[in-house]
Amino acid sequence: MVDDKCFWPEKVSVGEVIYPPGGVFGPRLQRNLQLVMLHSGRMTVWIDGVPRTSLADTVCVLFPGHEERFAYAEECETWHSWLHIFIPQLSETLLARLARLPWPLQLSPAMTDLIREALALRNSPLSTADTLLKALAVQMIWRYIGEGELLMDGATTLPEPAVENARHFIHAHLGEPLTLDMIATAAAVSPPHLIRMFRQELNTTPMAYLWERRVTQGIELLRQTGLSVGEIAERCGFRTSYHFSRRVRQAAGLSPLEVRHQAWECR
């Protein structure tokens, strides 16, 4: 029996398709654990004769051992991607944990990014592409569980996509001279609206979050690299070493060099 805390797929396949209006598929016997990401349109799946409907921007899980028949939206095309995960002996605990989740779930930006990475591996020349795909499959299953259990714990929705997009943009551009307008543009919302969403979800503002991430990244580089204080300050978006040092001292109670010496001290 595969431990639900440490499972590894024997085989993973990934794909995507756009069905024309009125498209159908099946019946077929599901042999894998499958994630289906619906990007546009609508899908109704009959599982052992019981219909369940999934709308655009959702993700759902399908379980092995069931007969499935699919019908897609009559009025428009339906675009969906999928991930088949074959594990010879699935843990009953893992299956039960998946089965109790809401169905379907909102398709989060993070899950969308993961399926895009998985799809890109289909044509990868890397010798490790198959292993990378399996690792992504494991990550997607745990994210599906985590996002579903977040809803079960009382969250009415998953984190606001605009906030997630803003955070991803900030993390990817820490060293650049970012402004609130630039972050809001990346999140596709107005600056005031982004500020309201950050306050609601993170109890902070986008710019305060940016500086917090810059300081956190700077402290990590002090501890884990031999880069000079000036180089780290520049890479993390600080205009001067003095500003960087002041923010580090506020956060850690130590100067940058003291942070480094503390981390490097031989015990």
# chains A, B, ... in the order shown; residues from 1 in each chain; ligands from 1
call {"tool": "residues_around", "arguments": {"residues": "A:Ile47", "least_positions_apart": "2", "cutoff": "7 Å", "atoms": "only C-alpha atoms", "output": "number ranges by chain"}}
result
A: 45, 49-51, 66-69
call {"tool": "residues_around", "arguments": {"residues": "A:Ala162", "least_positions_apart": "6", "cutoff": "10 Å", "atoms": "only C-alpha atoms", "output": "JSON, numbers by chain"}}
result
{"A": [109, 168, 183, 184, 185, 186, 187, 188, 189, 193, 194, 197, 198]}
call {"tool": "select_by_dssp", "arguments": {"residues": "stretch 7-240 of chain A", "states": "strand (DSSP E)", "output": "JSON, numbers by chain"}}
result
{"A": [11, 12, 13, 14, 15, 16, 17, 18, 19, 24, 25, 26, 27, 28, 29, 33, 34, 35, 36, 37, 38, 39, 40, 42, 43, 44, 45, 46, 47, 50, 51, 52, 53, 54, 55, 58, 59, 60, 61, 62, 67, 68, 69, 70, 71, 72, 78, 79, 80, 81, 82, 83, 84, 85, 86, 105, 106]}
call {"tool": "residues_around", "arguments": {"residues": "A:Phe86", "least_positions_apart": "6", "cutoff": "8 Å", "atoms": "only C-alpha atoms", "output": "VMD selection string"}}
result
chain A and resid 9 to 12 31 to 33
